[in-house]
Amino acid sequence: MNKTELYRNAGISEDVFRYGEACLKELEERFRTIDERAEYNQIKVLSAFQSAHVSEACLSGTTGYGYNDIGRDTLEEVYARTFHTEAALVRPLIACGTHALAIALFGNLRPGDEALSITGRPYDTLEEVIGIRPARGSLREYGVTYREVDLKADGSFDLEGIRAAISDKTALVMIQRSKGYASRRTLSVSQIREAIRAVKEVRADLICMVDNCYGEFVETEEPSDAGADLIVGSLIKNPGGGLAPSGGYICGRKECVENASFRMTCPGLGSEIGPSLTLNRSFYQGFFMAPVVTAAALKGAIFAAALYERLGYEVLPDSREERHDIIQAITLGSPEAVTAFCRGIQSGAPVDSFVTPEAWDMPGYDDPVIMAAGAFVMGSSIELSADGPLRPPYNVYFQGGLTWPSAKFGILRSLQSMLDAGIISPDRLSADLKSTCNRTAITVE
């Protein structure tokens, strides 16, 4: 059985398969670059494991209070060494990325302080944490004020606006690396370095916190290398490598991390307590695998961009741009197209492939959100997944794929679903297939 027949038996038509193969021909150099970066990051992680003296004993867990949890403490040393920070919290107690960010914010802000976002409005789920949307227990209720400076029209930092916005009340500056559900480019580590430098020139004492979700191991540097005092993320995204079943991390300056630890547990105890239970092995192994898993997800994102931009859809970033996170935004133009895309991704998953995703009113969001994620870990977005709010311009956000072949298959299933739903016409696909094959001079067996 050749590959065309293999994919046909898996529900991918010959035209969709051939179209995918033709697009891949133009991505070979991009994929080589991704593999080289993964190699760099893999050795960086491996060196951190060795320097921290990770042993078999570290893979066991603790119960109860978690005192003297060698595995937990060594894992946090591995994260700190990898991200070049003074300290780290890496805990299953942290439920998600939003929770990790909330811990960092509440731990380092006091009544009368001001938090300043310099990347505009933060991700939807943080609005209630901050108090932009009223919520019980928000920072606003504790007397912390909030201001924001939008990015410029070209997606770059408004450095002059940032300098002007910093006041005596400003205590913490928030930077969201990834786009979230906004239609903007993800920020590079180089851009973040420039913004942090501008902030520190005004007030060297300001805490710069970067929401690093979806960005870990995409570049060879992290925002902590660019001067961030705190970087924060989720273990069911890049750094968990698809193996961590829960958790989050906070890395940075020792004082800032300790402040966060007192909010994570309670004052006086901080990071000294919190058992790792039976999770150390999956946390260690997931972090070890994270560079190559992230590379697979990056290839999937670029492949998705290549397929859909050639069919006339607006994609961000496009298939030629440098990448700074694993998210691929595609503007599909209608709720029906977003739904068809997500249903295709779901049908390409290893778990719950038979489930039909529907949009619903999720906590923390103003609009109905549709999510496709047939994952080994529920809600894991380093695994093959796609989601988006059903609001104009009807963007879908694709990310993940534990292996490159599974990411490729899921993307082809999304295209097949769009074709079957009549969103994309067979004639349109055939015409673009002919054009792409002529350009790449490819023949698919």
# chains A, B, ... in the order shown; residues from 1 in each chain; ligands from 1
>>> residues_around(residues="Pro122 in chain A", least_positions_apart="2", cutoff="12 Å", atoms="only C-alpha atoms", output="VMD selection string")
chain A and resid 98 101 115 to 120 124 to 133 146 to 151 173 to 182 210 to 211
>>> residues_around(residues="Arg320 in chain A", least_positions_apart="6", cutoff="12 Å", atoms="only C-alpha atoms", output="mmCIF file with N, CA and C atoms, in the first residue's frame")
data_model
loop_
_atom_site.group_PDB
_atom_site.id
_atom_site.type_symbol
_atom_site.label_atom_id
_atom_site.label_comp_id
_atom_site.auth_asym_id
_atom_site.auth_seq_id
_atom_site.Cartn_x
_atom_site.Cartn_y
_atom_site.Cartn_z
ATOM 1 N N GLU A 26 7.808 22.785 -0.617
ATOM 2 C CA GLU A 26 8.354 24.135 -0.477
ATOM 3 C C GLU A 26 8.787 24.453 0.964
ATOM 4 N N LEU A 27 8.597 23.518 1.878
ATOM 5 C CA LEU A 27 8.882 23.784 3.291
ATOM 6 C C LEU A 27 10.113 23.057 3.814
ATOM 7 N N GLU A 28 10.828 22.367 2.950
ATOM 8 C CA GLU A 28 11.934 21.530 3.400
ATOM 9 C C GLU A 28 13.008 22.327 4.128
ATOM 10 N N GLU A 29 13.361 23.493 3.620
ATOM 11 C CA GLU A 29 14.399 24.307 4.251
ATOM 12 C C GLU A 29 13.923 24.828 5.607
ATOM 13 N N ARG A 30 12.653 25.257 5.681
ATOM 14 C CA ARG A 30 12.104 25.725 6.955
ATOM 15 C C ARG A 30 12.177 24.626 8.012
ATOM 16 N N PHE A 31 11.856 23.409 7.609
ATOM 17 C CA PHE A 31 11.846 22.296 8.547
ATOM 18 C C PHE A 31 13.251 21.953 9.024
ATOM 19 N N LYS A 299 6.292 22.676 12.980
ATOM 20 C CA LYS A 299 6.143 22.193 11.612
ATOM 21 C C LYS A 299 4.670 22.141 11.222
ATOM 22 N N ALA A 301 2.260 24.016 12.402
ATOM 23 C CA ALA A 301 1.761 25.383 12.228
ATOM 24 C C ALA A 301 2.148 25.937 10.859
ATOM 25 N N ILE A 302 3.395 25.706 10.455
ATOM 26 C CA ILE A 302 3.861 26.204 9.164
ATOM 27 C C ILE A 302 3.147 25.487 8.021
ATOM 28 N N PHE A 303 2.938 24.190 8.170
ATOM 29 C CA PHE A 303 2.213 23.415 7.154
ATOM 30 C C PHE A 303 0.779 23.936 7.005
ATOM 31 N N ALA A 304 0.107 24.202 8.130
ATOM 32 C CA ALA A 304 -1.251 24.736 8.078
ATOM 33 C C ALA A 304 -1.279 26.085 7.362
ATOM 34 N N ALA A 305 -0.305 26.936 7.658
ATOM 35 C CA ALA A 305 -0.235 28.237 6.993
ATOM 36 C C ALA A 305 -0.057 28.069 5.489
ATOM 37 N N ALA A 306 0.819 27.156 5.096
ATOM 38 C CA ALA A 306 1.086 26.945 3.670
ATOM 39 C C ALA A 306 -0.161 26.457 2.938
ATOM 40 N N GLU A 309 -3.018 29.509 3.091
ATOM 41 C CA GLU A 309 -2.728 30.761 2.394
ATOM 42 C C GLU A 309 -2.794 30.581 0.889
#
>>> closest_atom_pairs(of="range 32-144 of chain A", to="range 286-289 of chain A", cutoff="10 Å", atoms="only C-alpha atoms", output="tab-separated table")
residue	atom	partner	partner_atom	distance
A:Asn41	CA	A:Phe288	CA	9.8
A:Gln42	CA	A:Phe288	CA	7.4
A:Ile43	CA	A:Phe288	CA	9.6
A:Lys44	CA	A:Phe288	CA	9.9
A:Val45	CA	A:Phe288	CA	6.4
A:Leu46	CA	A:Phe288	CA	7.0
A:Ala48	CA	A:Phe288	CA	9.8
A:Phe49	CA	A:Phe288	CA	8.4
A:Leu75	CA	A:Phe287	CA	9.4
A:Val78	CA	A:Phe287	CA	9.3
A:Tyr79	CA	A:Phe287	CA	8.6
>>> residues_around(residues="Asn108 in chain A", least_positions_apart="6", cutoff="9 Å", atoms="only C-alpha atoms", output="number ranges by chain")
A: 171-172, 207, 256-257, 259-260
>>> select_by_dssp(residues="range 324-411 of chain A", states="strand (DSSP E)", output="PyMOL selection string")
chain A and resi 328-331+369-372+385-389+395-399
>>> residues_around(residues="range 269-282 of chain A", least_positions_apart="3", cutoff="9 Å", atoms="only C-alpha atoms", output="number ranges by chain")
A: 58-69, 71-72, 75, 89, 91-93, 240, 243-246, 258-266, 285-287
>>> atom_distance(atom1="CA of Cys251 in chain A", atom2="CA of Glu86 in chain A")
7.7 Å
>>> select_by_dssp(residues="range 324-363 of chain A", states="helix (DSSP H, G or I)", output="list in words")
Pro335, Glu336, Ala337, Val338, Thr339, Ala340, Phe341, Cys342, Arg343, Gly344, Ile345, Gln346 and Ser347 of chain A
>>> closest_residue(among="A:Asp113, A:Glu221, A:Asp35, A:Glu194", to="Leu298 in chain A", atoms="only C-alpha atoms")
A:Asp35
>>> residues_around(residues="Glu14 in chain A", least_positions_apart="2", cutoff="12 Å", atoms="only C-alpha atoms", output="VMD selection string")
chain A and resid 2 to 12 16 to 21 412 416 426 429 to 430 433 444 to 445
>>> write_last_selection(atoms="C-alpha atoms", output="PDB file, in the first residue's frame")
ATOM      1  CA  ASN A   2       1.484   3.355  -1.022  1.00  0.00           C
ATOM      2  CA  LYS A   3       1.022   6.598   0.943  1.00  0.00           C
ATOM      3  CA  THR A   4      -1.861   7.835  -1.201  1.00  0.00           C
ATOM      4  CA  GLU A   5      -3.822   4.667  -0.485  1.00  0.00           C
ATOM      5  CA  LEU A   6      -2.851   4.807   3.184  1.00  0.00           C
ATOM      6  CA  TYR A   7      -4.267   8.305   3.537  1.00  0.00           C
ATOM      7  CA  ARG A   8      -7.340   7.476   1.422  1.00  0.00           C
ATOM      8  CA  ASN A   9      -8.157   4.629   3.807  1.00  0.00           C
ATOM      9  CA  ALA A  10      -7.804   7.132   6.672  1.00  0.00           C
ATOM     10  CA  GLY A  11     -10.383   9.478   5.116  1.00  0.00           C
ATOM     11  CA  ILE A  12      -8.144  11.819   3.116  1.00  0.00           C
ATOM     12  CA  VAL A  16      -6.206  16.703  -0.502  1.00  0.00           C
ATOM     13  CA  PHE A  17      -3.232  14.397   0.020  1.00  0.00           C
ATOM     14  CA  ARG A  18      -1.504  15.483  -3.203  1.00  0.00           C
ATOM     15  CA  TYR A  19      -2.119  19.122  -2.367  1.00  0.00           C
ATOM     16  CA  GLY A  20      -0.496  18.638   1.028  1.00  0.00           C
ATOM     17  CA  GLU A  21       2.528  16.894  -0.460  1.00  0.00           C
ATOM     18  CA  LEU A 412      -5.202  17.399   6.175  1.00  0.00           C
ATOM     19  CA  GLN A 416     -10.968  17.517   4.080  1.00  0.00           C
ATOM     20  CA  PRO A 426     -13.482  20.868  -5.298  1.00  0.00           C
ATOM     21  CA  LEU A 429      -8.799  22.905  -4.609  1.00  0.00           C
ATOM     22  CA  SER A 430      -8.056  21.253  -7.966  1.00  0.00           C
ATOM     23  CA  LEU A 433      -3.335  21.803  -6.637  1.00  0.00           C
ATOM     24  CA  VAL A 444       2.946  12.173  -5.935  1.00  0.00           C
ATOM     25  CA  GLU A 445       2.762   8.387  -6.083  1.00  0.00           C
TER      26      GLU A 445
END
>>> residues_around(residues="Val293 in chain A", least_positions_apart="5", cutoff="7 Å", atoms="only C-alpha atoms", output="list in words")
Gly241, Leu402 and Thr403 of chain A
>>> write_last_selection(atoms="N, CA and C atoms", output="PDB file, in the first residue's frame")
ATOM      1  N   GLY A 241       5.719  18.841  27.257  1.00  0.00           N
ATOM      2  CA  GLY A 241       6.050  17.837  26.253  1.00  0.00           C
ATOM      3  C   GLY A 241       4.947  16.833  25.972  1.00  0.00           C
ATOM      4  N   LEU A 402       1.849  16.212  18.897  1.00  0.00           N
ATOM      5  CA  LEU A 402       2.962  15.593  19.626  1.00  0.00           C
ATOM      6  C   LEU A 402       4.032  15.056  18.698  1.00  0.00           C
ATOM      7  N   THR A 403       3.629  14.669  17.490  1.00  0.00           N
ATOM      8  CA  THR A 403       4.577  14.243  16.458  1.00  0.00           C
ATOM      9  C   THR A 403       4.236  14.974  15.169  1.00  0.00           C
TER      10      THR A 403
END
>>> closest_residue(among="A:Ile411, A:Leu419, A:Ala87, A:Ile162", to="Leu230 in chain A", atoms="only C-alpha atoms")
A:Ala87
>>> decode(residues="range 153-191 of chain A", atoms="N, CA and C atoms", output="compact mmCIF listing (two decimals), in the first residue's frame")
# COMPACT_ATOMS: atom_id res chain seq x y z
N ALA A 153 0.32 49.90 15.34
CA ALA A 153 -0.43 49.28 14.24
C ALA A 153 0.34 48.16 13.57
N ASP A 154 1.66 48.26 13.57
CA ASP A 154 2.48 47.21 12.93
C ASP A 154 2.79 46.05 13.88
N GLY A 155 2.22 46.08 15.10
CA GLY A 155 2.43 45.01 16.05
C GLY A 155 3.65 45.16 16.93
N SER A 156 4.37 46.25 16.80
CA SER A 156 5.56 46.48 17.62
C SER A 156 5.19 47.25 18.88
N PHE A 157 6.12 47.27 19.84
CA PHE A 157 5.89 48.00 21.08
C PHE A 157 5.87 49.51 20.84
N ASP A 158 4.98 50.20 21.53
CA ASP A 158 4.94 51.66 21.53
C ASP A 158 5.86 52.14 22.65
N LEU A 159 7.15 52.22 22.36
CA LEU A 159 8.14 52.49 23.40
C LEU A 159 7.92 53.85 24.05
N GLU A 160 7.59 54.86 23.25
CA GLU A 160 7.35 56.19 23.82
C GLU A 160 6.10 56.17 24.70
N GLY A 161 5.06 55.48 24.23
CA GLY A 161 3.84 55.37 25.02
C GLY A 161 4.07 54.63 26.32
N ILE A 162 4.92 53.62 26.29
CA ILE A 162 5.26 52.85 27.50
C ILE A 162 5.97 53.74 28.51
N ARG A 163 6.97 54.47 28.03
CA ARG A 163 7.72 55.34 28.93
C ARG A 163 6.81 56.37 29.58
N ALA A 164 5.87 56.91 28.78
CA ALA A 164 4.97 57.94 29.30
C ALA A 164 3.96 57.37 30.30
N ALA A 165 3.62 56.10 30.16
CA ALA A 165 2.58 55.49 31.00
C ALA A 165 3.09 55.07 32.37
N ILE A 166 4.39 54.90 32.51
CA ILE A 166 4.95 54.47 33.80
C ILE A 166 4.87 55.62 34.81
N SER A 167 4.28 55.30 35.96
CA SER A 167 4.12 56.31 37.01
C SER A 167 4.72 55.81 38.32
N ASP A 168 4.60 56.61 39.35
CA ASP A 168 5.11 56.21 40.67
C ASP A 168 4.34 55.01 41.21
N LYS A 169 3.09 54.84 40.78
CA LYS A 169 2.26 53.73 41.25
C LYS A 169 2.58 52.42 40.54
N THR A 170 3.16 52.51 39.36
CA THR A 170 3.42 51.31 38.57
C THR A 170 4.39 50.41 39.32
N ALA A 171 3.99 49.14 39.49
CA ALA A 171 4.84 48.19 40.21
C ALA A 171 5.22 47.00 39.36
N LEU A 172 4.39 46.68 38.37
CA LEU A 172 4.63 45.48 37.56
C LEU A 172 4.18 45.75 36.14
N VAL A 173 5.02 45.34 35.20
CA VAL A 173 4.72 45.50 33.77
C VAL A 173 4.45 44.12 33.18
N MET A 174 3.31 44.00 32.51
CA MET A 174 2.87 42.74 31.92
C MET A 174 3.15 42.71 30.42
N ILE A 175 3.72 41.61 29.96
CA ILE A 175 3.99 41.42 28.53
C ILE A 175 3.42 40.06 28.13
N GLN A 176 2.51 40.05 27.18
CA GLN A 176 1.96 38.80 26.67
C GLN A 176 2.64 38.48 25.36
N ARG A 177 3.45 37.42 25.37
CA ARG A 177 4.25 37.08 24.20
C ARG A 177 3.39 36.63 23.02
N SER A 178 2.45 35.75 23.28
CA SER A 178 1.63 35.19 22.22
C SER A 178 0.43 36.08 21.94
N LYS A 179 -0.25 35.81 20.83
CA LYS A 179 -1.34 36.67 20.39
C LYS A 179 -2.65 36.43 21.13
N GLY A 180 -2.81 35.27 21.79
CA GLY A 180 -4.11 34.95 22.36
C GLY A 180 -5.15 34.90 21.26
N TYR A 181 -6.29 35.55 21.48
CA TYR A 181 -7.33 35.61 20.45
C TYR A 181 -7.31 36.95 19.71
N ALA A 182 -6.18 37.65 19.78
CA ALA A 182 -6.05 38.92 19.07
C ALA A 182 -5.44 38.68 17.69
N SER A 183 -5.72 39.60 16.79
CA SER A 183 -5.18 39.49 15.43
C SER A 183 -3.88 40.28 15.33
N ARG A 184 -2.85 39.76 15.95
CA ARG A 184 -1.54 40.41 15.91
C ARG A 184 -0.46 39.35 15.87
N ARG A 185 0.74 39.80 15.54
CA ARG A 185 1.87 38.88 15.52
C ARG A 185 2.38 38.61 16.93
N THR A 186 2.88 37.41 17.11
CA THR A 186 3.53 37.06 18.36
C THR A 186 4.83 37.83 18.48
N LEU A 187 5.21 38.16 19.70
CA LEU A 187 6.41 38.96 19.92
C LEU A 187 7.65 38.08 20.02
N SER A 188 8.71 38.53 19.41
CA SER A 188 9.98 37.81 19.47
C SER A 188 10.70 38.14 20.77
N VAL A 189 11.65 37.30 21.14
CA VAL A 189 12.47 37.58 22.31
C VAL A 189 13.24 38.88 22.11
N SER A 190 13.67 39.14 20.89
CA SER A 190 14.39 40.37 20.60
C SER A 190 13.52 41.60 20.85
N GLN A 191 12.26 41.55 20.43
CA GLN A 191 11.35 42.67 20.69
C GLN A 191 11.10 42.85 22.18
